[in-house]
$ cat start_19.txt   # compact mmCIF, C-alpha atoms
# COMPACT_ATOMS: atom_id res chain seq x y z
CA MET O 1 0.00 0.00 0.00
CA ILE O 2 1.49 3.29 -1.08
CA THR O 3 0.78 6.14 1.34
CA ASN O 4 -0.33 9.62 0.33
CA LYS O 5 3.00 10.95 1.57
CA GLN O 6 4.95 8.60 -0.70
CA GLU O 7 2.76 9.59 -3.64
CA TYR O 8 3.36 13.28 -2.84
CA LEU O 9 7.15 12.78 -2.73
CA GLU O 10 7.11 10.88 -6.03
CA GLY O 11 5.09 13.72 -7.51
CA ILE O 12 7.74 16.22 -6.38
CA ARG O 13 10.51 14.08 -7.89
CA ASP O 14 8.75 13.78 -11.27
CA GLY O 15 7.74 17.44 -11.15
CA ILE O 16 11.30 18.80 -10.97
CA PRO O 17 12.14 18.40 -14.70
CA ILE O 18 8.72 19.86 -15.51
CA ALA O 19 9.46 22.86 -13.29
CA LEU O 20 12.75 23.48 -15.13
CA GLY O 21 11.02 23.33 -18.50
CA TYR O 22 8.29 25.65 -17.23
CA PHE O 23 10.86 28.14 -15.98
CA ALA O 24 12.25 28.51 -19.51
CA VAL O 25 8.83 28.84 -21.15
CA SER O 26 7.35 31.24 -18.61
CA PHE O 27 10.52 33.33 -18.75
CA THR O 28 9.56 34.09 -22.35
CA PHE O 29 6.00 34.80 -21.25
CA GLY O 30 7.08 37.23 -18.54
CA MET O 31 9.36 38.99 -20.99
CA MET O 32 6.70 39.28 -23.68
CA ALA O 33 4.11 40.46 -21.17
CA VAL O 34 6.31 43.31 -19.98
CA THR O 35 7.41 44.14 -23.52
CA GLY O 36 3.72 44.28 -24.45
CA GLY O 37 2.95 46.81 -21.72
CA LEU O 38 1.89 44.74 -18.70
CA GLY O 39 3.35 45.39 -15.26
CA ILE O 40 5.62 42.85 -13.58
CA PHE O 41 2.96 42.02 -10.99
CA GLN O 42 0.32 41.66 -13.70
CA ALA O 43 2.52 39.18 -15.58
CA VAL O 44 3.10 37.04 -12.47
CA PHE O 45 -0.58 37.32 -11.51
CA THR O 46 -1.49 35.90 -14.94
CA SER O 47 0.79 32.88 -14.40
CA VAL O 48 -0.45 32.23 -10.83
CA THR O 49 -4.10 32.26 -11.86
CA ASN O 50 -3.95 30.67 -15.33
CA VAL O 51 -1.11 28.08 -15.22
CA THR O 52 -1.20 27.42 -18.96
CA SER O 53 1.32 28.30 -21.66
CA ALA O 54 -0.47 28.64 -24.99
CA GLY O 55 -3.58 30.03 -23.32
CA GLN O 56 -1.63 32.75 -21.55
CA PHE O 57 0.21 33.80 -24.71
CA ALA O 58 -3.11 34.07 -26.53
CA ALA O 59 -4.67 35.98 -23.62
CA LEU O 60 -1.69 38.31 -23.64
CA ALA O 61 -2.13 38.98 -27.36
CA ILE O 62 -5.77 39.91 -26.76
CA ILE O 63 -4.93 42.21 -23.84
CA ILE O 64 -2.22 43.97 -25.84
CA SER O 65 -4.47 44.43 -28.89
CA ASP O 66 -7.31 45.61 -26.62
CA GLY O 67 -9.65 42.85 -27.85
CA SER O 68 -13.15 42.25 -26.51
CA PHE O 69 -14.21 40.13 -23.52
CA LEU O 70 -16.06 37.83 -25.93
CA GLU O 71 -12.87 37.30 -27.90
CA MET O 72 -11.04 36.51 -24.66
CA ILE O 73 -13.66 33.97 -23.58
CA LEU O 74 -13.84 32.22 -26.96
CA THR O 75 -10.08 32.17 -27.55
CA THR O 76 -9.30 30.86 -24.08
CA LEU O 77 -12.04 28.28 -24.49
CA ILE O 78 -10.79 27.03 -27.85
CA ILE O 79 -7.09 27.02 -27.01
CA ASN O 80 -7.59 25.29 -23.66
CA LEU O 81 -10.30 22.90 -24.82
CA ARG O 82 -7.77 20.07 -24.78
CA TYR O 83 -7.70 20.27 -20.98
CA SER O 84 -11.31 19.12 -20.86
CA LEU O 85 -10.24 15.98 -22.73
CA MET O 86 -7.48 15.42 -20.16
CA SER O 87 -9.90 16.05 -17.31
CA PHE O 88 -12.28 13.54 -18.86
CA ALA O 89 -9.49 10.97 -18.94
CA VAL O 90 -8.36 11.73 -15.38
CA SER O 91 -11.96 11.66 -14.23
CA GLN O 92 -12.07 7.99 -15.24
CA LYS O 93 -8.86 7.13 -13.40
CA ILE O 94 -8.83 9.20 -10.21
CA GLU O 95 -9.24 7.35 -6.91
CA ASP O 96 -12.69 8.04 -5.67
CA LYS O 97 -12.30 7.38 -1.98
CA GLY O 98 -11.40 11.01 -1.15
CA HIS O 99 -13.51 14.14 -0.99
CA ILE O 100 -14.74 15.80 -4.16
CA TRP O 101 -12.48 18.79 -3.42
CA HIS O 102 -9.55 16.65 -4.53
CA ARG O 103 -11.05 16.91 -8.00
CA PHE O 104 -11.25 20.71 -7.68
CA LEU O 105 -7.56 20.91 -6.70
CA VAL O 106 -6.28 18.43 -9.29
CA ALA O 107 -8.15 20.40 -11.98
CA PHE O 108 -6.21 23.58 -11.17
CA GLY O 109 -2.92 21.87 -12.06
CA MET O 110 -4.15 20.06 -15.16
CA THR O 111 -1.38 21.03 -17.57
CA ASP O 112 -0.19 18.97 -20.55
CA GLU O 113 2.88 17.78 -18.65
CA ILE O 114 1.29 17.01 -15.27
CA PHE O 115 -1.50 15.21 -17.08
CA GLY O 116 1.16 13.22 -18.96
CA ILE O 117 3.02 12.02 -15.89
CA SER O 118 -0.05 11.41 -13.72
CA ILE O 119 -1.87 9.31 -16.30
CA ASN O 120 1.20 7.07 -16.68
CA HIS O 121 2.11 6.79 -13.01
CA HIS O 122 -0.23 4.08 -11.73
CA SER O 123 -3.42 2.53 -13.04
CA LYS O 124 -5.34 4.72 -10.56
CA ILE O 125 -4.45 8.36 -9.94
CA ASN O 126 -3.79 9.39 -6.36
CA PRO O 127 -4.43 13.17 -6.09
CA PHE O 128 -1.39 13.52 -3.81
CA TYR O 129 0.89 12.56 -6.70
CA ASN O 130 -0.54 15.49 -8.66
CA TYR O 131 -0.15 17.77 -5.62
CA GLY O 132 3.54 16.84 -5.43
CA ALA O 133 4.11 17.65 -9.10
CA MET O 134 2.06 20.84 -8.82
CA SER O 135 3.96 22.03 -5.77
CA VAL O 136 7.21 22.29 -7.77
CA ALA O 137 5.92 22.84 -11.33
CA ILE O 138 3.64 25.78 -10.51
CA PRO O 139 6.31 27.71 -8.53
CA GLY O 140 8.68 27.04 -11.46
CA TRP O 141 6.09 28.52 -13.78
CA CYS O 142 5.55 31.62 -11.64
CA LEU O 143 9.22 32.26 -10.80
CA GLY O 144 10.12 31.96 -14.49
CA THR O 145 7.49 34.57 -15.27
CA LEU O 146 8.90 36.86 -12.59
CA ALA O 147 12.47 36.44 -13.84
CA GLY O 148 11.39 37.04 -17.44
CA ALA O 149 9.29 40.06 -16.50
CA ILE O 150 12.19 41.65 -14.61
CA SER O 151 14.70 41.02 -17.38
CA GLY O 152 12.21 42.06 -20.08
CA ASN O 153 12.88 45.68 -19.24
CA VAL O 154 16.63 45.40 -19.53
CA LEU O 155 17.21 42.94 -22.40
CA PRO O 156 18.42 44.54 -25.64
CA ALA O 157 16.08 44.50 -28.66
CA MET O 158 18.23 42.00 -30.58
CA LEU O 159 17.82 39.40 -27.82
CA ILE O 160 14.09 40.02 -27.51
CA SER O 161 13.71 39.54 -31.25
CA ALA O 162 15.57 36.22 -31.10
CA LEU O 163 13.72 34.98 -28.00
CA SER O 164 10.34 35.80 -29.47
CA VAL O 165 10.51 32.70 -31.69
CA ALA O 166 11.04 30.44 -28.65
CA ILE O 167 7.35 29.84 -28.04
CA TYR O 168 6.70 28.99 -31.68
CA GLY O 169 9.64 26.59 -31.62
CA MET O 170 8.07 24.87 -28.64
CA PHE O 171 4.70 24.65 -30.34
CA LEU O 172 6.34 22.97 -33.32
CA ALA O 173 8.18 20.58 -30.99
CA ILE O 174 4.80 19.61 -29.51
CA ILE O 175 2.82 19.10 -32.72
CA ILE O 176 5.32 17.72 -35.26
CA PRO O 177 6.85 14.59 -33.60
CA PRO O 178 3.49 12.75 -33.10
CA ALA O 179 2.78 13.20 -36.83
CA GLU O 180 5.42 10.62 -37.69
CA LYS O 181 3.20 7.86 -36.29
CA ASN O 182 0.00 9.47 -37.49
CA PRO O 183 0.56 11.21 -40.87
CA ILE O 184 -2.94 12.75 -40.97
CA LEU O 185 -1.47 15.20 -38.45
CA TYR O 186 0.80 16.60 -41.19
CA TRP O 187 -2.37 17.48 -43.10
CA VAL O 188 -3.96 18.97 -39.99
CA ILE O 189 -0.85 21.05 -39.23
CA GLY O 190 -0.30 22.10 -42.84
CA GLY O 191 -3.98 22.88 -43.37
CA ALA O 192 -4.16 24.98 -40.23
CA MET O 193 -1.02 26.92 -41.18
CA LEU O 194 -2.23 27.57 -44.73
CA GLY O 195 -5.65 28.62 -43.48
CA SER O 196 -4.08 30.89 -40.91
CA ALA O 197 -1.85 32.46 -43.59
CA ALA O 198 -4.88 32.97 -45.84
CA PHE O 199 -6.63 34.89 -43.07
CA ALA O 200 -3.51 36.96 -42.48
CA TYR O 201 -2.89 38.06 -46.05
CA LEU O 202 -6.06 37.80 -48.19
CA PRO O 203 -8.27 40.87 -48.58
CA TYR O 204 -11.40 40.97 -46.36
CA LEU O 205 -10.26 37.91 -44.40
CA LYS O 206 -7.33 39.83 -42.92
CA ASN O 207 -9.68 42.24 -41.15
CA LEU O 208 -10.54 39.58 -38.57
CA THR O 209 -8.58 39.68 -35.32
CA SER O 210 -6.09 36.87 -34.77
CA GLY O 211 -8.07 35.44 -31.85
CA PHE O 212 -11.09 34.71 -34.00
CA VAL O 213 -8.93 33.41 -36.84
CA ILE O 214 -7.44 30.79 -34.54
CA ILE O 215 -10.88 29.74 -33.32
CA ILE O 216 -12.30 29.41 -36.83
CA ILE O 217 -9.28 27.52 -38.19
CA THR O 218 -9.11 25.16 -35.20
CA VAL O 219 -12.80 24.26 -35.30
CA VAL O 220 -12.94 23.80 -39.08
CA VAL O 221 -9.69 21.83 -39.45
CA SER O 222 -10.35 19.61 -36.40
CA ALA O 223 -13.91 18.90 -37.47
CA VAL O 224 -12.87 18.01 -41.02
CA ALA O 225 -10.08 15.77 -39.72
CA ALA O 226 -12.48 14.11 -37.25
CA VAL O 227 -14.87 13.28 -40.09
CA VAL O 228 -12.22 12.20 -42.60
CA ARG O 229 -10.07 10.24 -40.17
CA PRO O 230 -11.79 9.40 -36.85
CA ILE O 231 -9.27 8.21 -34.28
CA PRO O 232 -9.53 4.48 -33.50
CA ASP O 233 -9.14 4.52 -29.72
CA PRO O 234 -9.04 7.82 -27.82
CA LYS O 235 -7.19 6.25 -24.88
CA GLU O 236 -4.16 5.41 -27.02
CA GLU O 237 -4.10 8.60 -29.03
CA GLU O 238 -3.94 11.25 -26.33
CA MET O 239 -1.31 13.91 -26.73
CA MET L 1 -10.60 49.71 -22.62
CA HIS L 2 -11.18 47.35 -19.71
CA SER L 3 -8.82 46.82 -16.81
CA VAL L 4 -5.98 44.40 -17.47
CA TYR L 5 -6.94 42.49 -14.32
CA SER L 6 -10.47 41.82 -15.53
CA TYR L 7 -9.00 40.22 -18.67
CA ILE L 8 -6.59 38.09 -16.65
CA ILE L 9 -9.27 36.92 -14.21
CA LEU L 10 -11.67 36.19 -17.07
CA ALA L 11 -9.07 34.02 -18.83
CA ALA L 12 -8.26 32.25 -15.54
CA LEU L 13 -11.93 31.59 -14.85
CA VAL L 14 -12.62 30.12 -18.30
CA THR L 15 -9.44 28.01 -18.12
CA TYR L 16 -10.33 26.65 -14.70
CA LEU L 17 -13.92 25.83 -15.69
CA ILE L 18 -12.62 23.86 -18.70
CA ARG L 19 -10.37 21.88 -16.38
CA VAL L 20 -12.74 21.32 -13.49
CA LEU L 21 -16.14 20.70 -15.08
CA PRO L 22 -15.33 17.33 -16.69
CA LEU L 23 -13.73 16.19 -13.43
CA VAL L 24 -16.65 17.01 -11.15
CA LEU L 25 -19.64 16.73 -13.46
CA TRP L 26 -18.83 14.06 -16.00
CA ARG L 27 -17.53 10.85 -14.54
CA LYS L 28 -18.78 8.64 -17.35
CA GLU L 29 -16.71 7.75 -20.40
CA ILE L 30 -17.10 9.82 -23.58
CA LYS L 31 -18.63 7.60 -26.25
CA SER L 32 -18.91 9.88 -29.29
CA SER L 33 -16.21 9.02 -31.82
CA PHE L 34 -16.59 12.42 -33.46
CA VAL L 35 -16.15 14.37 -30.21
CA ASN L 36 -13.13 12.27 -29.24
CA SER L 37 -11.56 12.71 -32.67
CA PHE L 38 -12.33 16.43 -32.73
CA LEU L 39 -10.75 16.97 -29.29
CA TYR L 40 -7.73 14.93 -30.36
CA TYR L 41 -7.05 17.16 -33.38
CA VAL L 42 -7.72 20.46 -31.58
CA PRO L 43 -4.24 21.05 -30.10
CA TYR L 44 -2.50 20.34 -33.42
CA ALA L 45 -4.73 22.62 -35.49
CA CYS L 46 -4.72 25.31 -32.81
CA LEU L 47 -0.97 25.45 -32.17
CA ALA L 48 -0.21 25.24 -35.91
CA ALA L 49 -2.55 28.15 -36.66
CA MET L 50 -0.96 30.18 -33.85
CA THR L 51 2.58 29.46 -35.08
CA PHE L 52 2.25 30.28 -38.76
CA PRO L 53 2.30 32.95 -40.11
CA ALA L 54 2.70 34.74 -36.73
CA ILE L 55 6.32 33.55 -36.46
CA LEU L 56 7.17 35.51 -39.65
CA THR L 57 6.30 38.83 -38.00
CA ALA L 58 7.53 38.00 -34.49
CA THR L 59 11.14 38.96 -35.21
CA GLU L 60 12.84 42.07 -36.59
CA SER L 61 12.71 40.84 -40.19
CA LEU L 62 10.67 38.44 -42.29
CA ILE L 63 13.81 36.51 -43.27
CA SER L 64 14.97 35.84 -39.71
CA GLY L 65 11.44 34.75 -38.77
CA LEU L 66 11.36 32.39 -41.74
CA VAL L 67 14.76 30.92 -40.84
CA GLY L 68 13.63 30.47 -37.22
CA PHE L 69 10.53 28.67 -38.48
CA LEU L 70 12.51 26.34 -40.77
CA VAL L 71 15.13 25.54 -38.12
CA ALA L 72 12.46 24.82 -35.49
CA GLY L 73 10.43 22.76 -37.95
CA PHE L 74 13.46 20.70 -38.96
CA LEU L 75 14.56 20.01 -35.37
CA ALA L 76 11.01 19.16 -34.29
CA PHE L 77 10.85 16.77 -37.23
CA ARG L 78 14.05 15.17 -35.91
CA ARG L 79 12.21 14.69 -32.58
CA LYS L 80 14.38 17.07 -30.54
CA SER L 81 12.99 18.20 -27.19
CA MET L 82 10.98 21.41 -26.73
CA VAL L 83 13.82 23.28 -25.06
CA VAL L 84 16.37 22.26 -27.74
CA VAL L 85 14.04 23.25 -30.59
CA ALA L 86 13.20 26.59 -28.98
CA LEU L 87 16.82 27.39 -28.16
CA TRP L 88 18.15 26.67 -31.66
CA ALA L 89 15.34 28.64 -33.25
CA CYS L 90 16.38 31.63 -31.10
CA ILE L 91 20.08 31.17 -31.95
CA ALA L 92 19.27 30.92 -35.68
CA VAL L 93 17.25 34.15 -35.57
CA PHE L 94 20.00 35.90 -33.63
CA ILE L 95 22.71 34.85 -36.11
CA VAL L 96 20.64 35.72 -39.19
CA GLU L 97 19.84 39.17 -37.82
CA ARG L 98 23.53 39.86 -37.18
CA LEU L 99 24.40 38.72 -40.75
CA LEU L 100 21.58 40.51 -42.61
CA PRO L 101 23.23 43.98 -42.62
CA PHE L 102 26.08 42.59 -44.73
CA PHE L 103 23.81 41.61 -47.64

$ encode --input "start_19.txt" --output "structure tokens"
Amino acid sequence: MITNKQEYLEGIRDGIPIALGYFAVSFTFGMMAVTGGLGIFQAVFTSVTNVTSAGQFAALAIIISDGSFLEMILTTLIINLRYSLMSFAVSQKIEDKGHIWHRFLVAFGMTDEIFGISINHHSKINPFYNYGAMSVAIPGWCLGTLAGAISGNVLPAMLISALSVAIYGMFLAIIIPPAEKNPILYWVIGGAMLGSAAFAYLPYLKNLTSGFVIIIITVVVSAVAAVVRPIPDPKEEEM
Amino acid sequence: MHSVYSYIILAALVTYLIRVLPLVLWRKEIKSSFVNSFLYYVPYACLAAMTFPAILTATESLISGLVGFLVAGFLAFRRKSMVVVALWACIAVFIVERLLPFF
């Protein structure tokens, strides 16, 4: 019988590499937030309350461009929709002997990486394992933001220009490798990029704000792919 | 122009609801093949649409952005880790931008 304390310690151990990775990513976020006009506290506050990479970058873009609340709600919803899939999966596997508030706490730390390690740890998920991972990964995320936000004011323009591709590099590192096993993903990725470029450069289409473009492209491309090539077993295909 | 904090809290609220609702409300398995497939493709389509063509205008010049995109794409294709891909994309952009004035 593994105790909650053991599970918590194992969570901390597995969370350390995640925290290091988060530090690097959120450093970029903190820098971009301050470069875009947010205060240092506002940048850190965003990381503490949101705990999501792509979602925060998109939210930042909307804040900077002074988008609408509706745009913020829809963009956040679309970009973070994958978390609901992860929560569905975890919902099937979480130990049910504890209080329901374990589910409320686990949900707060449902990131791609913590989902990844918790779903592979044991056949059933002990919430304390997630708490262990969260208790190092989330501080890593927030401290990275703070460090990035502080240095964002002092870094020279040439470094900021170079670092601004970091997040896109990471996105590509997330989406391209799984396509080797599942080539339809090349079509999904290519189709989404072409569609996105069409919205950016074609007359009329380019008047839409980027938030809505991402929503439209994501829904259309994912729906078409789901019809053309339904996945065989969702449990084996999770990202 | 709304307060920055109202935007941040709104995003946090939506994000948390997405994460928590399936965990507390829906404890049964999802059966719909379409919904499962759709949710599976969402991150790929979404992140791809966010990356391109935005990466072309993220840097000081179109050319450095394009080089960053190609370097990152190539390394991702070679299954390098997130940090490695991101770092080399940054280095490539930095080098190209230092070289561009000579052409």

$ residues_around --input "start_19.txt" --residues "Ile216 of chain O" --least-positions-apart "3" --cutoff "12 Å" --atoms "all atoms listed in the file" --output "list of chain:residue names"
O:Glu71, O:Leu74, O:Thr75, O:Ile78, O:Ile79, O:Ala192, O:Gly195, O:Ser196, O:Phe199, O:Leu205, O:Leu208, O:Thr209, O:Ser210, O:Gly211, O:Phe212, O:Val213, O:Val219, O:Val220, O:Val221, O:Ser222, O:Ala223, L:Val42, L:Ala45, L:Cys46, L:Ala49, L:Met50

$ closest_residue --input "start_19.txt" --among "L:Leu10, L:Val93, L:Phe34, L:Phe52" --to "Gly65 of chain L" --atoms "only C-alpha atoms"
L:Val93

$ closest_residue --input "start_19.txt" --among "L:Ala72, L:Leu99, L:Leu25, L:Leu17" --to "chain O" --atoms "all atoms listed in the file"
L:Ala72

$ atom_distance --input "start_19.txt" --atom1 "atom CA of Leu146 of chain O" --atom2 "atom CA of Ser26 of chain O"
8.4 Å

$ closest_residue --input "start_19.txt" --among "O:Met158, O:Met110, O:Leu20, O:Met86" --to "Asn50 of chain O" --atoms "all atoms listed in the file"
O:Met110

$ residues_around --input "start_19.txt" --residues "Trp88 of chain L" --least-positions-apart "5" --cutoff "12 Å" --atoms "only C-alpha atoms" --output "PyMOL selection string"
(chain O and resi 162-163+165-170+173) or (chain L and resi 67-76+80-83+93-95)

$ closest_residue --input "start_19.txt" --among "L:Leu23, L:Thr57, L:Val96, L:Ser3" --to "chain O" --atoms "all atoms listed in the file"
L:Leu23

$ atom_distance --input "start_19.txt" --atom1 "atom CA of Glu7 of chain O" --atom2 "atom CA of Ser118 of chain O"
10.6 Å

$ interface_residues --input "start_19.txt" --of "chain L" --to "chain O" --cutoff "7 Å" --atoms "all atoms listed in the file" --output "number ranges by chain"
L: 1, 4, 7-8, 11-12, 14-16, 18-20, 22-24, 27, 29, 33-34, 36-53, 55, 58-60, 68, 72-73, 76-77, 79, 81-83, 85-87, 89-91, 93-94

$ atom_distance --input "start_19.txt" --atom1 "atom CA of Ile150 of chain O" --atom2 "atom CA of Met31 of chain O"
7.5 Å

$ residues_around --input "start_19.txt" --residues "segment 128-136 of chain O" --least-positions-apart "3" --cutoff "8 Å" --atoms "all atoms listed in the file" --output "list in words"
Asn4, Lys5, Glu7, Tyr8, Leu9, Glu10, Gly11, Ile12, Arg13, Asp14, Gly15, Ile16, Ala19, Val106, Gly109, Ile114, Ser118, Ile125, Pro139 and Gly140 of chain O

$ closest_residue --input "start_19.txt" --among "O:Ala137, O:Gly144, O:Gly30, O:Thr35" --to "Pro17 of chain O" --atoms "only C-alpha atoms"
O:Ala137

$ axis_aligned_box --input "start_19.txt" --around "segment 62-65 of chain L" --padding-each-side "8 Å" --output "lines of an AutoDock Vina configuration file"
center_x = 12.8
center_y = 36.6
center_z = -41.0
size_x = 20.3
size_y = 19.7
size_z = 20.5

$ closest_residue --input "start_19.txt" --among "O:Ala33, O:Cys142, O:Ile117, O:Ile2" --to "Ala61 of chain O" --atoms "only C-alpha atoms"
O:Ala33

$ decode --input "start_19.txt" --residues "segment 28-48 of chain L" --atoms "N, CA and C atoms" --output "mmCIF file, in the first residue's frame"
data_model
loop_
_atom_site.group_PDB
_atom_site.id
_atom_site.type_symbol
_atom_site.label_atom_id
_atom_site.label_comp_id
_atom_site.auth_asym_id
_atom_site.auth_seq_id
_atom_site.Cartn_x
_atom_site.Cartn_y
_atom_site.Cartn_z
ATOM 1 N N LYS L 28 -18.605 9.752 -16.411
ATOM 2 C CA LYS L 28 -18.783 8.640 -17.347
ATOM 3 C C LYS L 28 -17.850 8.806 -18.532
ATOM 4 N N GLU L 29 -17.608 7.719 -19.251
ATOM 5 C CA GLU L 29 -16.711 7.748 -20.404
ATOM 6 C C GLU L 29 -17.371 8.444 -21.588
ATOM 7 N N ILE L 30 -16.547 9.208 -22.369
ATOM 8 C CA ILE L 30 -17.100 9.824 -23.576
ATOM 9 C C ILE L 30 -17.216 8.753 -24.642
ATOM 10 N N LYS L 31 -18.396 8.667 -25.273
ATOM 11 C CA LYS L 31 -18.627 7.604 -26.249
ATOM 12 C C LYS L 31 -18.512 8.097 -27.687
ATOM 13 N N SER L 32 -18.857 9.378 -27.929
ATOM 14 C CA SER L 32 -18.907 9.877 -29.293
ATOM 15 C C SER L 32 -17.543 9.843 -29.959
ATOM 16 N N SER L 33 -17.463 9.107 -31.080
ATOM 17 C CA SER L 33 -16.207 9.020 -31.816
ATOM 18 C C SER L 33 -15.847 10.380 -32.408
ATOM 19 N N PHE L 34 -16.870 11.116 -32.868
ATOM 20 C CA PHE L 34 -16.590 12.424 -33.459
ATOM 21 C C PHE L 34 -16.009 13.389 -32.434
ATOM 22 N N VAL L 35 -16.629 13.446 -31.248
ATOM 23 C CA VAL L 35 -16.148 14.366 -30.214
ATOM 24 C C VAL L 35 -14.726 14.009 -29.799
ATOM 25 N N ASN L 36 -14.475 12.720 -29.603
ATOM 26 C CA ASN L 36 -13.130 12.270 -29.243
ATOM 27 C C ASN L 36 -12.111 12.642 -30.318
ATOM 28 N N SER L 37 -12.474 12.404 -31.576
ATOM 29 C CA SER L 37 -11.563 12.708 -32.669
ATOM 30 C C SER L 37 -11.330 14.216 -32.766
ATOM 31 N N PHE L 38 -12.423 14.969 -32.669
ATOM 32 C CA PHE L 38 -12.325 16.432 -32.726
ATOM 33 C C PHE L 38 -11.391 16.948 -31.638
ATOM 34 N N LEU L 39 -11.582 16.508 -30.412
ATOM 35 C CA LEU L 39 -10.753 16.966 -29.295
ATOM 36 C C LEU L 39 -9.300 16.540 -29.470
ATOM 37 N N TYR L 40 -9.098 15.392 -30.118
ATOM 38 C CA TYR L 40 -7.731 14.926 -30.359
ATOM 39 C C TYR L 40 -6.988 15.851 -31.328
ATOM 40 N N TYR L 41 -7.707 16.336 -32.359
ATOM 41 C CA TYR L 41 -7.048 17.159 -33.375
ATOM 42 C C TYR L 41 -6.899 18.620 -32.948
ATOM 43 N N VAL L 42 -7.702 19.041 -31.973
ATOM 44 C CA VAL L 42 -7.722 20.459 -31.583
ATOM 45 C C VAL L 42 -6.337 21.050 -31.278
ATOM 46 N N PRO L 43 -5.525 20.409 -30.412
ATOM 47 C CA PRO L 43 -4.240 21.054 -30.096
ATOM 48 C C PRO L 43 -3.347 21.226 -31.319
ATOM 49 N N TYR L 44 -3.366 20.251 -32.244
ATOM 50 C CA TYR L 44 -2.502 20.342 -33.420
ATOM 51 C C TYR L 44 -2.926 21.502 -34.321
ATOM 52 N N ALA L 45 -4.235 21.557 -34.619
ATOM 53 C CA ALA L 45 -4.730 22.622 -35.492
ATOM 54 C C ALA L 45 -4.517 23.986 -34.838
ATOM 55 N N CYS L 46 -4.790 24.040 -33.539
ATOM 56 C CA CYS L 46 -4.724 25.306 -32.813
ATOM 57 C C CYS L 46 -3.283 25.831 -32.743
ATOM 58 N N LEU L 47 -2.358 25.001 -32.324
ATOM 59 C CA LEU L 47 -0.965 25.445 -32.174
ATOM 60 C C LEU L 47 -0.347 25.744 -33.538
ATOM 61 N N ALA L 48 -0.729 24.968 -34.567
ATOM 62 C CA ALA L 48 -0.211 25.239 -35.910
ATOM 63 C C ALA L 48 -0.701 26.592 -36.405
#
